[in-house]
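Peer 1: What follows is the file coords.cif, containing mmCIF, C-alpha atoms:
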data_work
loop_
_atom_site.label_atom_id
_atom_site.label_comp_id
_atom_site.auth_asym_id
_atom_site.auth_seq_id
_atom_site.Cartn_x
_atom_site.Cartn_y
_atom_site.Cartn_z
CA MET A 270 59.53 28.88 -7.31
CA THR A 271 59.49 25.13 -7.87
CA LEU A 272 61.96 22.38 -7.04
CA PRO A 273 63.12 22.04 -10.69
CA LEU A 274 63.71 25.80 -10.84
CA LEU A 275 65.63 25.61 -7.58
CA ALA A 276 67.85 22.85 -8.96
CA GLU A 277 68.37 24.91 -12.11
CA LYS A 278 69.48 27.90 -10.05
CA LYS A 279 72.15 25.70 -8.47
CA ARG A 280 73.25 24.44 -11.87
CA LEU A 281 73.57 27.97 -13.21
CA GLY A 282 75.27 29.30 -10.09
CA ASP A 283 72.43 31.76 -9.53
CA PRO A 284 72.39 32.66 -5.80
CA ILE A 285 69.29 31.51 -3.92
CA VAL A 286 67.65 33.94 -1.50
CA MET A 287 65.84 32.53 1.53
CA VAL A 288 64.33 34.28 4.54
CA THR A 289 62.09 33.33 7.44
CA ALA A 290 58.58 34.69 7.92
CA TYR A 291 56.05 34.17 10.69
CA ASP A 292 52.95 36.17 9.80
CA TYR A 293 51.14 37.94 6.96
CA PRO A 294 53.17 41.22 7.07
CA SER A 295 56.55 39.44 7.01
CA ALA A 296 55.30 37.22 4.19
CA ARG A 297 54.27 40.28 2.19
CA ALA A 298 57.73 41.79 2.72
CA ALA A 299 59.33 38.59 1.42
CA GLU A 300 56.98 38.52 -1.56
CA SER A 301 57.69 42.16 -2.36
CA ALA A 302 61.45 41.55 -2.24
CA GLY A 303 61.15 38.64 -4.67
CA VAL A 304 62.93 36.09 -2.48
CA ASP A 305 63.06 32.49 -3.66
CA LEU A 306 62.33 30.52 -0.48
CA VAL A 307 60.40 31.39 2.66
CA LEU A 308 60.80 29.30 5.81
CA VAL A 309 58.23 29.37 8.57
CA GLY A 310 60.96 28.56 11.07
CA ASP A 311 60.68 27.20 14.57
CA SER A 312 62.77 30.28 15.37
CA ALA A 313 59.29 31.77 15.81
CA ALA A 314 59.63 30.46 19.36
CA THR A 315 62.23 33.09 20.16
CA THR A 316 61.37 35.82 17.65
CA VAL A 317 57.60 36.15 18.07
CA LEU A 318 56.47 33.90 20.94
CA GLY A 319 58.90 35.03 23.63
CA TYR A 320 60.60 31.73 24.48
CA ASN A 321 64.34 31.52 25.14
CA ALA A 322 64.77 28.44 22.90
CA THR A 323 63.12 26.87 19.87
CA THR A 324 62.06 23.65 21.59
CA PRO A 325 58.87 24.92 23.33
CA VAL A 326 57.06 25.84 20.08
CA SER A 327 54.28 23.38 19.27
CA LEU A 328 53.00 21.98 15.99
CA ASP A 329 49.74 23.85 16.50
CA ASP A 330 51.70 27.09 16.96
CA MET A 331 53.57 26.42 13.73
CA LEU A 332 50.39 25.67 11.81
CA VAL A 333 48.81 28.98 12.86
CA LEU A 334 51.91 30.91 11.79
CA ALA A 335 52.31 29.00 8.53
CA ARG A 336 48.71 29.62 7.52
CA ALA A 337 49.23 33.36 8.00
CA VAL A 338 52.40 33.28 5.91
CA ARG A 339 50.67 31.25 3.21
CA ARG A 340 48.05 33.98 2.82
CA GLY A 341 50.80 36.51 2.14
CA LEU A 342 52.76 34.56 -0.47
CA SER A 343 52.24 33.69 -4.11
CA THR A 344 55.72 33.36 -5.66
CA PRO A 345 58.30 31.95 -3.18
CA LEU A 346 58.43 28.28 -2.21
CA LEU A 347 56.92 27.91 1.28
CA ILE A 348 58.81 25.65 3.70
CA GLY A 349 57.33 24.51 7.00
CA ASP A 350 59.73 23.73 9.84
CA LEU A 351 58.87 20.58 11.79
CA PRO A 352 59.11 21.57 15.47
CA PHE A 353 60.91 19.59 18.15
CA GLY A 354 58.94 16.54 19.26
CA SER A 355 56.74 16.39 16.17
CA TYR A 356 58.73 13.91 14.07
CA GLU A 357 61.37 12.11 16.14
CA VAL A 358 59.24 9.33 17.65
CA SER A 359 58.47 7.33 14.51
CA ASP A 360 58.16 7.45 10.74
CA GLU A 361 54.39 7.51 11.16
CA GLN A 362 54.55 10.56 13.42
CA ALA A 363 56.89 12.32 11.01
CA ILE A 364 54.67 11.65 8.00
CA THR A 365 51.55 12.75 9.87
CA THR A 366 53.20 16.00 10.95
CA ALA A 367 54.48 16.72 7.45
CA MET A 368 51.05 16.04 5.98
CA ARG A 369 49.45 18.47 8.41
CA MET A 370 51.94 21.14 7.35
CA VAL A 371 50.96 20.60 3.73
CA LYS A 372 47.21 20.04 4.10
CA GLU A 373 46.38 22.48 6.90
CA ALA A 374 48.92 25.25 6.36
CA GLY A 375 49.58 25.12 2.62
CA CYS A 376 53.32 24.50 2.89
CA GLU A 377 54.80 23.00 -0.24
CA VAL A 378 57.72 21.31 1.49
CA VAL A 379 58.97 20.72 5.04
CA LYS A 380 62.30 20.99 6.87
CA LEU A 381 63.71 18.88 9.68
CA GLU A 382 66.90 19.15 11.70
CA GLY A 383 69.83 16.80 12.10
CA GLY A 384 71.59 14.23 10.00
CA GLY A 385 71.81 11.40 12.48
CA GLU A 386 70.35 7.97 11.81
CA ALA A 387 66.89 8.86 13.14
CA SER A 388 66.62 12.14 11.21
CA VAL A 389 67.76 10.50 7.99
CA LYS A 390 65.20 7.74 8.47
CA ARG A 391 62.42 10.28 9.05
CA ALA A 392 63.47 12.30 6.02
CA ARG A 393 63.39 9.21 3.84
CA ALA A 394 59.93 8.28 5.15
CA ILE A 395 58.48 11.74 4.50
CA VAL A 396 59.97 11.85 1.00
CA GLY A 397 58.55 8.39 0.40
CA ALA A 398 55.13 9.73 1.34
CA GLY A 399 55.41 12.31 -1.43
CA ILE A 400 56.42 15.40 0.55
CA PRO A 401 59.76 17.05 -0.30
CA VAL A 402 62.16 17.56 2.61
CA MET A 403 64.89 20.09 3.29
CA GLY A 404 67.61 18.87 5.67
CA HIS A 405 69.60 20.89 8.20
CA VAL A 406 73.10 20.13 9.51
CA GLY A 407 75.79 21.90 11.52
CA LEU A 408 74.32 23.87 14.39
CA THR A 409 70.82 22.44 14.90
CA PRO A 410 69.04 24.66 17.46
CA GLN A 411 66.54 21.97 18.51
CA THR A 412 69.43 19.86 19.83
CA SER A 413 71.86 22.65 20.70
CA THR A 414 72.24 21.36 24.27
CA ALA A 415 73.68 18.09 22.99
CA LEU A 416 76.01 20.06 20.71
CA GLY A 417 77.43 22.08 23.60
CA GLY A 418 75.33 25.19 23.11
CA TRP A 419 74.81 27.75 20.37
CA LYS A 420 78.24 27.68 18.79
CA ALA A 421 79.88 26.86 15.48
CA GLN A 422 80.13 23.20 14.53
CA GLY A 423 82.72 21.32 12.47
CA ARG A 424 85.79 23.08 13.85
CA THR A 425 87.84 19.88 14.04
CA ALA A 426 88.49 17.41 11.24
CA GLY A 427 86.43 14.77 13.02
CA ALA A 428 83.49 17.09 13.62
CA ALA A 429 83.61 18.33 10.03
CA GLU A 430 83.68 14.74 8.76
CA ARG A 431 80.55 14.03 10.80
CA ILE A 432 78.78 16.98 9.16
CA ALA A 433 79.86 15.71 5.75
CA SER A 434 78.51 12.25 6.52
CA GLU A 435 75.20 13.69 7.71
CA ALA A 436 74.84 15.94 4.66
CA LEU A 437 75.52 13.07 2.28
CA ALA A 438 73.13 10.78 4.15
CA LEU A 439 70.33 13.34 3.90
CA GLN A 440 71.05 13.80 0.21
CA GLU A 441 70.91 10.04 -0.26
CA ALA A 442 67.62 9.94 1.67
CA GLY A 443 66.08 12.18 -0.99
CA CYS A 444 66.26 15.68 0.51
CA PHE A 445 65.90 18.35 -2.18
CA ALA A 446 68.13 20.85 -0.35
CA LEU A 447 70.14 21.37 2.82
CA VAL A 448 70.75 24.14 5.33
CA PHE A 449 74.33 24.51 6.61
CA GLU A 450 74.33 26.47 9.87
CA ALA A 451 77.32 27.87 11.76
CA ILE A 452 80.01 25.92 9.91
CA PRO A 453 83.50 27.29 9.16
CA SER A 454 83.67 28.72 5.63
CA ALA A 455 86.62 26.53 4.70
CA VAL A 456 84.72 23.41 5.74
CA THR A 457 81.78 24.47 3.57
CA GLU A 458 84.12 24.93 0.61
CA GLU A 459 85.45 21.41 1.14
CA LEU A 460 81.95 19.90 1.28
CA MET A 461 80.22 21.72 -1.58
CA PRO A 462 81.79 19.69 -4.44
CA HIS A 463 80.36 16.51 -2.88
CA LEU A 464 76.74 17.70 -2.90
CA GLN A 465 74.41 17.66 -5.90
CA ILE A 466 71.48 19.39 -4.16
CA PRO A 467 71.23 23.10 -3.30
CA VAL A 468 72.83 24.15 -0.03
CA ILE A 469 71.58 27.24 1.80
CA GLY A 470 73.98 28.75 4.30
CA ILE A 471 73.45 30.62 7.54
CA GLY A 472 76.80 31.41 9.06
CA ALA A 473 78.47 28.94 6.69
CA GLY A 474 80.31 31.34 4.40
CA PRO A 475 79.85 32.40 0.77
CA ALA A 476 80.47 29.05 -0.94
CA THR A 477 76.90 27.80 -0.50
CA ASP A 478 74.28 28.05 -3.24
CA GLY A 479 72.27 30.59 -1.27
CA GLN A 480 71.81 32.32 2.06
CA VAL A 481 69.10 32.52 4.71
CA LEU A 482 68.65 34.94 7.59
CA VAL A 483 65.99 35.20 10.26
CA PHE A 484 63.57 38.03 9.45
CA HIS A 485 63.90 39.63 12.87
CA ASP A 486 67.70 39.44 12.82
CA LEU A 487 68.22 41.10 9.45
CA LEU A 488 65.71 43.87 10.22
CA GLY A 489 66.83 44.44 13.81
CA ILE A 490 63.47 43.55 15.39
CA ARG A 491 65.19 42.21 18.48
CA ASP A 492 67.37 43.18 21.43
CA GLY A 493 71.10 42.72 20.99
CA LEU A 494 73.11 42.12 17.86
CA GLY A 495 72.46 38.39 17.44
CA PRO A 496 74.95 35.83 16.08
CA ARG A 497 78.14 37.05 14.39
CA PHE A 498 76.91 35.92 10.97
CA VAL A 499 73.96 38.34 11.04
CA LYS A 500 74.15 41.45 8.89
CA ARG A 501 71.57 43.96 10.08
CA TYR A 502 69.85 45.84 7.26
CA ALA A 503 67.59 47.96 9.48
CA ASN A 504 66.99 48.70 13.15
CA LEU A 505 63.23 48.42 13.35
CA GLN A 506 63.10 47.57 17.06
CA GLN A 507 64.56 50.97 17.86
CA GLU A 508 62.09 52.67 15.53
CA MET A 509 59.18 50.69 16.97
CA ASN A 510 60.17 51.60 20.53
CA ALA A 511 60.52 55.26 19.59
CA GLY A 512 57.18 55.29 17.76
CA VAL A 513 55.22 53.78 20.64
CA ALA A 514 56.96 56.09 23.13
CA ALA A 515 56.03 59.14 21.03
CA TYR A 516 52.43 57.96 20.84
CA ALA A 517 52.26 57.44 24.61
CA GLU A 518 53.69 60.90 25.21
CA ASP A 519 51.14 62.49 22.84
CA VAL A 520 48.25 60.76 24.62
CA ARG A 521 49.47 61.77 28.07
CA THR A 522 49.93 65.40 27.00
CA ARG A 523 46.65 65.41 25.05
CA ARG A 524 48.38 66.27 21.77
CA TYR A 525 46.70 63.21 20.27
CA PRO A 526 44.10 63.04 18.88
CA GLY A 527 44.13 66.41 17.14
CA PRO A 528 41.32 67.94 15.04
CA GLU A 529 42.69 66.20 11.93
CA HIS A 530 42.09 62.80 13.54
CA THR A 531 38.42 63.31 14.39
CA TYR A 532 35.10 62.95 12.54
CA LYS A 533 32.47 65.71 12.05
CA ILE A 534 28.72 65.88 12.51
CA ASN A 535 26.30 68.37 10.97
CA ALA A 536 25.51 71.21 13.39
CA ASP A 537 21.75 70.66 13.04
CA GLU A 538 22.14 66.95 13.82
CA LEU A 539 24.25 67.79 16.84
CA ALA A 540 21.63 70.24 18.08
CA ASP A 541 18.95 67.58 17.58
CA LEU A 542 21.02 65.09 19.57
CA HIS A 543 21.52 67.66 22.36
CA ALA A 544 17.77 68.22 22.54
CA ARG A 545 17.12 64.48 22.76
CA LEU A 546 19.58 64.06 25.61
CA THR A 547 18.29 66.96 27.74
#
Starting from the file, lay out its structure as structure tokens.
Peer 2:
Amino acid sequence: MTLPLLAEKKRLGDPIVMVTAYDYPSARAAESAGVDLVLVGDSAATTVLGYNATTPVSLDDMLVLARAVRRGLSTPLLIGDLPFGSYEVSDEQAITTAMRMVKEAGCEVVKLEGGGEASVKRARAIVGAGIPVMGHVGLTPQTSTALGGWKAQGRTAGAAERIASEALALQEAGCFALVFEAIPSAVTEELMPHLQIPVIGIGAGPATDGQVLVFHDLLGIRDGLGPRFVKRYANLQQEMNAGVAAYAEDVRTRRYPGPEHTYKINADELADLHARLT
């Protein structure tokens, strides 16, 4: 997948499939499924690192995860999420962080959150340095506290107008695509005709050019149901728990390992060993 192909998919109305990945196995699953875009999201903080928010994840954490994902991909476009605190301070910081994502992790593009003045300025600077940027408006988890928590955005005319302004500003700054998160479907429908770049939705309804879900949400590798926009396609956490519990029970009752799980030695060699040890 390339940026021209992505733009062509929008032009043709061909739905764009995006998913997150955080390691080699999840990358291989995305590759096998033939998805278009893979995001190494800062959602790794909550899905694989055990934090209760996305803000604690560091750039070094993200680089380790992105390198693992890179080794598992060959076809999808790889997007590296810029974690909280790695791009907000200055254009120079933002460019340096983006370059590390590209040079050290093999990401082809990066993503940053927010459409305020600072985020737009950082996006423009990174694009100017030659690295494509995906924007992200609506619910932005890195700044969810300022937004009043993890809840839908744009539910009043004024709030929806702000999202529209942010989306258009990011488009003007040179972003190649946008993520719309947790925005009323009707608002998305109103905004889509004003955008020339692909829009990927997550909880933003069916009018977007594509959809993204978090790997662990769609496969049920988590406790609880998750946000209302999640459709669960498997319940792997339950299967994982059951598998480990069955293994533990087999070990404790000495059912594992059985004869089929062991290696053999020639009887003469065993006798020789016995003689040497006595």
Peer 1: Around stretch 402-412 of chain A, with edges along x, y and z and 8 Å added on all six sides, what centre and edge lengths do you get, in Å to one decimal, as AutoDock Vina command-line options?
Peer 2:
--center_x 69.0 --center_y 21.1 --center_z 11.2 --size_x 29.6 --size_y 23.1 --size_z 33.2
Peer 1: Between atom CA of A:Pro453 and atom CA of A:Arg424, measure the distance and give it in Å to one decimal.
Peer 2: 6.7 Å
Peer 1: Can you list, as a PyMOL selection string, the residues that the PyMOL selection byres ((chain A and resi 468) around 9) selects here?
Peer 2: chain A and resi 279+446-449+461+464-467+469-470+477-480
Peer 1: Between A:Pro410, A:Gly512, A:Gly474, A:Gly399, which has the minimum distance to A:Thr315 (counting all atoms listed in the file)?
Peer 2: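 For A:Thr315, the nearest of the given residues is A:Pro410.
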Peer 1: A:Val402, A:Val317, A:Ile348, A:Ile285: which is nearest A:Gly375, counting only C-alpha atoms?
Peer 2: A:Ile348
Peer 1: Looking at A:Arg501, A:Arg491, A:Arg524, A:His530, which one is nearest to A:Thr316, with distances taken over only C-alpha atoms?
Peer 2: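 Closest residue, counting only C-alpha atoms: A:Arg491.
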Peer 1: I'd like the contact shell of stretch 525-529 of chain A - 8 Å cut-off, all atoms listed in the file, skipping same-chain residues fewer than 4 positions apart - returned as a list of chain:residue names.
Peer 2: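 My reading of the contact set: A:Tyr516, A:Asp519, A:Val520.
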Peer 1: Go ahead and compute the interatomic distance for atom CA of A:Ala428 and atom CA of A:Val483, in Å to one decimal.
Peer 2: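 For atom CA of A:Ala428 relative to atom CA of A:Val483, the distance reads 25.4 Å.
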Peer 1: Just add N, CA and C atoms to stretch 389-410 of chain A and send it as a JSON list (two decimals), in the coordinates of the input.
Peer 2:
[["chain", "number", "residue", "atom", "x", "y", "z"],
["A", 389, "VAL", "N", 67.67, 10.98, 9.37],
["A", 389, "VAL", "CA", 67.76, 10.50, 7.99],
["A", 389, "VAL", "C", 66.60, 9.54, 7.70],
["A", 390, "LYS", "N", 66.31, 8.68, 8.65],
["A", 390, "LYS", "CA", 65.20, 7.74, 8.47],
["A", 390, "LYS", "C", 63.87, 8.47, 8.32],
["A", 391, "ARG", "N", 63.67, 9.51, 9.14],
["A", 391, "ARG", "CA", 62.42, 10.28, 9.05],
["A", 391, "ARG", "C", 62.34, 11.03, 7.73],
["A", 392, "ALA", "N", 63.46, 11.59, 7.30],
["A", 392, "ALA", "CA", 63.47, 12.30, 6.02],
["A", 392, "ALA", "C", 63.10, 11.36, 4.89],
["A", 393, "ARG", "N", 63.68, 10.18, 4.90],
["A", 393, "ARG", "CA", 63.39, 9.21, 3.84],
["A", 393, "ARG", "C", 61.91, 8.83, 3.85],
["A", 394, "ALA", "N", 61.34, 8.66, 5.04],
["A", 394, "ALA", "CA", 59.93, 8.28, 5.15],
["A", 394, "ALA", "C", 59.02, 9.37, 4.62],
["A", 395, "ILE", "N", 59.32, 10.63, 4.95],
["A", 395, "ILE", "CA", 58.48, 11.74, 4.50],
["A", 395, "ILE", "C", 58.57, 11.89, 2.98],
["A", 396, "VAL", "N", 59.79, 11.80, 2.46],
["A", 396, "VAL", "CA", 59.97, 11.85, 1.00],
["A", 396, "VAL", "C", 59.21, 10.72, 0.34],
["A", 397, "GLY", "N", 59.27, 9.54, 0.96],
["A", 397, "GLY", "CA", 58.55, 8.39, 0.40],
["A", 397, "GLY", "C", 57.05, 8.59, 0.39],
["A", 398, "ALA", "N", 56.56, 9.43, 1.29],
["A", 398, "ALA", "CA", 55.13, 9.73, 1.34],
["A", 398, "ALA", "C", 54.74, 10.83, 0.35],
["A", 399, "GLY", "N", 55.71, 11.34, -0.39],
["A", 399, "GLY", "CA", 55.41, 12.31, -1.43],
["A", 399, "GLY", "C", 55.57, 13.77, -1.05],
["A", 400, "ILE", "N", 56.23, 14.03, 0.10],
["A", 400, "ILE", "CA", 56.42, 15.40, 0.55],
["A", 400, "ILE", "C", 57.91, 15.72, 0.52],
["A", 401, "PRO", "N", 58.34, 16.71, -0.24],
["A", 401, "PRO", "CA", 59.76, 17.05, -0.30],
["A", 401, "PRO", "C", 60.28, 17.54, 1.04],
["A", 402, "VAL", "N", 61.55, 17.23, 1.33],
["A", 402, "VAL", "CA", 62.16, 17.56, 2.61],
["A", 402, "VAL", "C", 63.46, 18.33, 2.41],
["A", 403, "MET", "N", 63.63, 19.38, 3.19],
["A", 403, "MET", "CA", 64.89, 20.09, 3.29],
["A", 403, "MET", "C", 65.57, 19.64, 4.57],
["A", 404, "GLY", "N", 66.85, 19.27, 4.49],
["A", 404, "GLY", "CA", 67.61, 18.87, 5.67],
["A", 404, "GLY", "C", 68.32, 20.06, 6.30],
["A", 405, "HIS", "N", 68.96, 19.81, 7.45],
["A", 405, "HIS", "CA", 69.60, 20.89, 8.20],
["A", 405, "HIS", "C", 70.72, 20.28, 9.04],
["A", 406, "VAL", "N", 71.96, 20.67, 8.77],
["A", 406, "VAL", "CA", 73.10, 20.13, 9.51],
["A", 406, "VAL", "C", 73.97, 21.27, 10.04],
["A", 407, "GLY", "N", 74.96, 20.90, 10.86],
["A", 407, "GLY", "CA", 75.79, 21.90, 11.52],
["A", 407, "GLY", "C", 75.18, 22.20, 12.87],
["A", 408, "LEU", "N", 75.01, 23.49, 13.17],
["A", 408, "LEU", "CA", 74.32, 23.87, 14.39],
["A", 408, "LEU", "C", 72.82, 23.64, 14.19],
["A", 409, "THR", "N", 72.25, 22.74, 14.97],
["A", 409, "THR", "CA", 70.82, 22.44, 14.90],
["A", 409, "THR", "C", 70.20, 22.91, 16.21],
["A", 410, "PRO", "N", 69.52, 24.06, 16.21],
["A", 410, "PRO", "CA", 69.04, 24.66, 17.46],
["A", 410, "PRO", "C", 68.18, 23.74, 18.32]]
